[in-house]
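Down below is the structure, laid out as structure tokens.
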Amino acid sequence: MCHAIPAEVVEVLPDAMARVDLSGARKTVSTALVGEVAVGDFLLVHVGYALGRVDPAEAAETLRLLEEIGATS
């Protein structure tokens with residue numbers, strides 16, 4: 001089973017890329033599938049690709065639930 005994790009954009013990079021924060025880990029991901037992004041946007045990220053956008057409140061709740069079950073440790 002695969003799942004995407006909400007991540008916050010912390011830096012917009014050239015060539016449809018962005019640096020995101022995934023529960024404290026910084027990763028560089030492709031944003032080619034979601035178009036332009038801005039610092040502070042939340043994206044659903046899977047294997048180095050942003051698959052879609054997510055509301056900040058929904059992202060926070062999803063991350064809280066993942067932490068609760070130990071999936072972000």
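Identifiers in this document derive from the order of the structure tokens: chains are assigned A, B, ..., residues are numbered from 1 separately in each chain, and ligands are numbered from 1 in order of occurrence.
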Any idea what's packed within 12 Å of Leu33 (chain A), counting only C-alpha atoms, ignoring anything in its chain fewer than 3 positions away? Could you give it as JSON, numbers by chain? {"A": [16, 17, 29, 30, 36, 37, 43, 44, 45, 46, 48, 49, 50, 51, 52, 53]}
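Of the listed residues (A:Ala7, A:Val34, A:Leu65, A:Val54), A:Ala7 comes nearest to Arg19 (chain A); the distances count only C-alpha atoms.
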If you run DSSP over the backbone, which residues in chain A end up helix (DSSP H, G or I)? Put them as a list in words. Pro56, Ala57, Glu58, Ala59, Ala60, Glu61, Thr62, Leu63, Arg64, Leu65, Leu66, Glu67 and Glu68 of chain A
Output file for the selection above: N, CA and C atoms, as a PDB file, in the first residue's frame:
```pdb
ATOM      1  N   PRO A  56      -4.416  23.605   4.620  1.00  0.00           N
ATOM      2  CA  PRO A  56      -3.535  23.554   5.798  1.00  0.00           C
ATOM      3  C   PRO A  56      -4.169  22.861   7.005  1.00  0.00           C
ATOM      4  N   ALA A  57      -5.451  23.087   7.259  1.00  0.00           N
ATOM      5  CA  ALA A  57      -6.111  22.438   8.398  1.00  0.00           C
ATOM      6  C   ALA A  57      -6.189  20.924   8.195  1.00  0.00           C
ATOM      7  N   GLU A  58      -6.505  20.511   6.973  1.00  0.00           N
ATOM      8  CA  GLU A  58      -6.551  19.081   6.669  1.00  0.00           C
ATOM      9  C   GLU A  58      -5.168  18.455   6.787  1.00  0.00           C
ATOM     10  N   ALA A  59      -4.137  19.175   6.334  1.00  0.00           N
ATOM     11  CA  ALA A  59      -2.761  18.684   6.444  1.00  0.00           C
ATOM     12  C   ALA A  59      -2.388  18.493   7.911  1.00  0.00           C
ATOM     13  N   ALA A  60      -2.725  19.474   8.748  1.00  0.00           N
ATOM     14  CA  ALA A  60      -2.399  19.391  10.177  1.00  0.00           C
ATOM     15  C   ALA A  60      -3.093  18.199  10.834  1.00  0.00           C
ATOM     16  N   GLU A  61      -4.353  17.987  10.499  1.00  0.00           N
ATOM     17  CA  GLU A  61      -5.097  16.865  11.081  1.00  0.00           C
ATOM     18  C   GLU A  61      -4.526  15.531  10.608  1.00  0.00           C
ATOM     19  N   THR A  62      -4.192  15.431   9.339  1.00  0.00           N
ATOM     20  CA  THR A  62      -3.605  14.189   8.808  1.00  0.00           C
ATOM     21  C   THR A  62      -2.273  13.904   9.482  1.00  0.00           C
ATOM     22  N   LEU A  63      -1.421  14.925   9.612  1.00  0.00           N
ATOM     23  CA  LEU A  63      -0.126  14.728  10.265  1.00  0.00           C
ATOM     24  C   LEU A  63      -0.302  14.343  11.731  1.00  0.00           C
ATOM     25  N   ARG A  64      -1.297  14.929  12.399  1.00  0.00           N
ATOM     26  CA  ARG A  64      -1.561  14.587  13.800  1.00  0.00           C
ATOM     27  C   ARG A  64      -1.951  13.113  13.915  1.00  0.00           C
ATOM     28  N   LEU A  65      -2.824  12.668  13.029  1.00  0.00           N
ATOM     29  CA  LEU A  65      -3.253  11.271  13.053  1.00  0.00           C
ATOM     30  C   LEU A  65      -2.105  10.320  12.727  1.00  0.00           C
ATOM     31  N   LEU A  66      -1.271  10.677  11.759  1.00  0.00           N
ATOM     32  CA  LEU A  66      -0.116   9.838  11.431  1.00  0.00           C
ATOM     33  C   LEU A  66       0.844   9.751  12.604  1.00  0.00           C
ATOM     34  N   GLU A  67       1.048  10.874  13.294  1.00  0.00           N
ATOM     35  CA  GLU A  67       1.918  10.869  14.472  1.00  0.00           C
ATOM     36  C   GLU A  67       1.319  10.004  15.576  1.00  0.00           C
ATOM     37  N   GLU A  68       0.005  10.092  15.735  1.00  0.00           N
ATOM     38  CA  GLU A  68      -0.690   9.322  16.764  1.00  0.00           C
ATOM     39  C   GLU A  68      -0.492   7.821  16.583  1.00  0.00           C
TER      40      GLU A  68
END
```
From a DSSP calculation on the backbone, collect every residue of chain A in strand (DSSP E) and output the set as a ChimeraX atom specification. /A:5-13,17-22,25-30,42-46,49-53
Convert the current residue selection to file output with N, CA and C atoms, as a PDB file, in the first residue's frame.
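For reference, part.pdb as written:
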```pdb
ATOM      1  N   ILE A   5       1.902  11.916   1.807  1.00  0.00           N
ATOM      2  CA  ILE A   5       1.992  12.595   3.094  1.00  0.00           C
ATOM      3  C   ILE A   5       1.949  14.096   2.862  1.00  0.00           C
ATOM      4  N   PRO A   6       1.188  14.827   3.674  1.00  0.00           N
ATOM      5  CA  PRO A   6       1.179  16.294   3.546  1.00  0.00           C
ATOM      6  C   PRO A   6       2.549  16.867   3.901  1.00  0.00           C
ATOM      7  N   ALA A   7       2.982  17.823   3.108  1.00  0.00           N
ATOM      8  CA  ALA A   7       4.267  18.480   3.337  1.00  0.00           C
ATOM      9  C   ALA A   7       4.123  19.966   3.020  1.00  0.00           C
ATOM     10  N   GLU A   8       4.804  20.790   3.806  1.00  0.00           N
ATOM     11  CA  GLU A   8       4.746  22.239   3.601  1.00  0.00           C
ATOM     12  C   GLU A   8       5.909  22.703   2.731  1.00  0.00           C
ATOM     13  N   VAL A   9       5.605  23.530   1.748  1.00  0.00           N
ATOM     14  CA  VAL A   9       6.648  24.104   0.892  1.00  0.00           C
ATOM     15  C   VAL A   9       7.436  25.133   1.709  1.00  0.00           C
ATOM     16  N   VAL A  10       8.751  24.941   1.773  1.00  0.00           N
ATOM     17  CA  VAL A  10       9.603  25.884   2.492  1.00  0.00           C
ATOM     18  C   VAL A  10      10.497  26.685   1.550  1.00  0.00           C
ATOM     19  N   GLU A  11      10.617  26.214   0.317  1.00  0.00           N
ATOM     20  CA  GLU A  11      11.424  26.932  -0.683  1.00  0.00           C
ATOM     21  C   GLU A  11      10.976  26.512  -2.077  1.00  0.00           C
ATOM     22  N   VAL A  12      10.758  27.487  -2.941  1.00  0.00           N
ATOM     23  CA  VAL A  12      10.430  27.205  -4.339  1.00  0.00           C
ATOM     24  C   VAL A  12      11.740  27.210  -5.118  1.00  0.00           C
ATOM     25  N   LEU A  13      11.969  26.164  -5.887  1.00  0.00           N
ATOM     26  CA  LEU A  13      13.202  25.997  -6.651  1.00  0.00           C
ATOM     27  C   LEU A  13      12.900  26.092  -8.146  1.00  0.00           C
ATOM     28  N   MET A  17      10.410  22.480  -9.177  1.00  0.00           N
ATOM     29  CA  MET A  17      10.849  21.758  -7.995  1.00  0.00           C
ATOM     30  C   MET A  17      10.607  22.631  -6.763  1.00  0.00           C
ATOM     31  N   ALA A  18      10.511  21.995  -5.609  1.00  0.00           N
ATOM     32  CA  ALA A  18      10.365  22.728  -4.350  1.00  0.00           C
ATOM     33  C   ALA A  18      11.006  21.921  -3.232  1.00  0.00           C
ATOM     34  N   ARG A  19      11.441  22.618  -2.202  1.00  0.00           N
ATOM     35  CA  ARG A  19      11.913  21.951  -0.998  1.00  0.00           C
ATOM     36  C   ARG A  19      10.746  21.979  -0.016  1.00  0.00           C
ATOM     37  N   VAL A  20      10.443  20.821   0.560  1.00  0.00           N
ATOM     38  CA  VAL A  20       9.316  20.717   1.477  1.00  0.00           C
ATOM     39  C   VAL A  20       9.781  20.178   2.820  1.00  0.00           C
ATOM     40  N   ASP A  21       8.969  20.441   3.821  1.00  0.00           N
ATOM     41  CA  ASP A  21       9.206  19.910   5.161  1.00  0.00           C
ATOM     42  C   ASP A  21       8.236  18.764   5.392  1.00  0.00           C
ATOM     43  N   LEU A  22       8.788  17.582   5.604  1.00  0.00           N
ATOM     44  CA  LEU A  22       7.997  16.375   5.876  1.00  0.00           C
ATOM     45  C   LEU A  22       8.249  15.975   7.326  1.00  0.00           C
ATOM     46  N   ALA A  25      11.819  16.642   8.249  1.00  0.00           N
ATOM     47  CA  ALA A  25      12.808  16.273   7.232  1.00  0.00           C
ATOM     48  C   ALA A  25      12.594  17.141   6.001  1.00  0.00           C
ATOM     49  N   ARG A  26      13.665  17.698   5.475  1.00  0.00           N
ATOM     50  CA  ARG A  26      13.587  18.524   4.264  1.00  0.00           C
ATOM     51  C   ARG A  26      13.892  17.664   3.049  1.00  0.00           C
ATOM     52  N   LYS A  27      13.002  17.713   2.075  1.00  0.00           N
ATOM     53  CA  LYS A  27      13.150  16.939   0.841  1.00  0.00           C
ATOM     54  C   LYS A  27      12.894  17.833  -0.357  1.00  0.00           C
ATOM     55  N   THR A  28      13.536  17.522  -1.470  1.00  0.00           N
ATOM     56  CA  THR A  28      13.279  18.214  -2.726  1.00  0.00           C
ATOM     57  C   THR A  28      12.336  17.349  -3.546  1.00  0.00           C
ATOM     58  N   VAL A  29      11.241  17.963  -4.014  1.00  0.00           N
ATOM     59  CA  VAL A  29      10.228  17.216  -4.756  1.00  0.00           C
ATOM     60  C   VAL A  29       9.863  17.944  -6.050  1.00  0.00           C
ATOM     61  N   SER A  30       9.363  17.184  -6.992  1.00  0.00           N
ATOM     62  CA  SER A  30       8.861  17.756  -8.238  1.00  0.00           C
ATOM     63  C   SER A  30       7.460  18.311  -8.019  1.00  0.00           C
ATOM     64  N   PHE A  42       0.634  23.646   1.207  1.00  0.00           N
ATOM     65  CA  PHE A  42       0.733  22.245   1.614  1.00  0.00           C
ATOM     66  C   PHE A  42       0.423  21.378   0.417  1.00  0.00           C
ATOM     67  N   LEU A  43       1.269  20.370   0.214  1.00  0.00           N
ATOM     68  CA  LEU A  43       1.141  19.455  -0.913  1.00  0.00           C
ATOM     69  C   LEU A  43       1.088  18.028  -0.409  1.00  0.00           C
ATOM     70  N   LEU A  44       0.426  17.169  -1.151  1.00  0.00           N
ATOM     71  CA  LEU A  44       0.483  15.736  -0.874  1.00  0.00           C
ATOM     72  C   LEU A  44       1.664  15.179  -1.656  1.00  0.00           C
ATOM     73  N   VAL A  45       2.614  14.585  -0.953  1.00  0.00           N
ATOM     74  CA  VAL A  45       3.865  14.143  -1.562  1.00  0.00           C
ATOM     75  C   VAL A  45       3.997  12.629  -1.465  1.00  0.00           C
ATOM     76  N   HIS A  46       4.392  12.035  -2.575  1.00  0.00           N
ATOM     77  CA  HIS A  46       4.629  10.593  -2.644  1.00  0.00           C
ATOM     78  C   HIS A  46       5.842  10.340  -3.522  1.00  0.00           C
ATOM     79  N   TYR A  49       7.334  13.279  -5.573  1.00  0.00           N
ATOM     80  CA  TYR A  49       6.428  14.034  -6.437  1.00  0.00           C
ATOM     81  C   TYR A  49       5.265  14.596  -5.634  1.00  0.00           C
ATOM     82  N   ALA A  50       4.961  15.862  -5.872  1.00  0.00           N
ATOM     83  CA  ALA A  50       3.753  16.450  -5.302  1.00  0.00           C
ATOM     84  C   ALA A  50       2.594  16.023  -6.190  1.00  0.00           C
ATOM     85  N   LEU A  51       1.601  15.371  -5.601  1.00  0.00           N
ATOM     86  CA  LEU A  51       0.468  14.858  -6.367  1.00  0.00           C
ATOM     87  C   LEU A  51      -0.736  15.787  -6.354  1.00  0.00           C
ATOM     88  N   GLY A  52      -0.794  16.664  -5.376  1.00  0.00           N
ATOM     89  CA  GLY A  52      -1.928  17.574  -5.264  1.00  0.00           C
ATOM     90  C   GLY A  52      -1.731  18.532  -4.114  1.00  0.00           C
ATOM     91  N   ARG A  53      -2.660  19.443  -3.991  1.00  0.00           N
ATOM     92  CA  ARG A  53      -2.628  20.426  -2.905  1.00  0.00           C
ATOM     93  C   ARG A  53      -3.578  19.971  -1.809  1.00  0.00           C
TER      94      ARG A  53
END
```
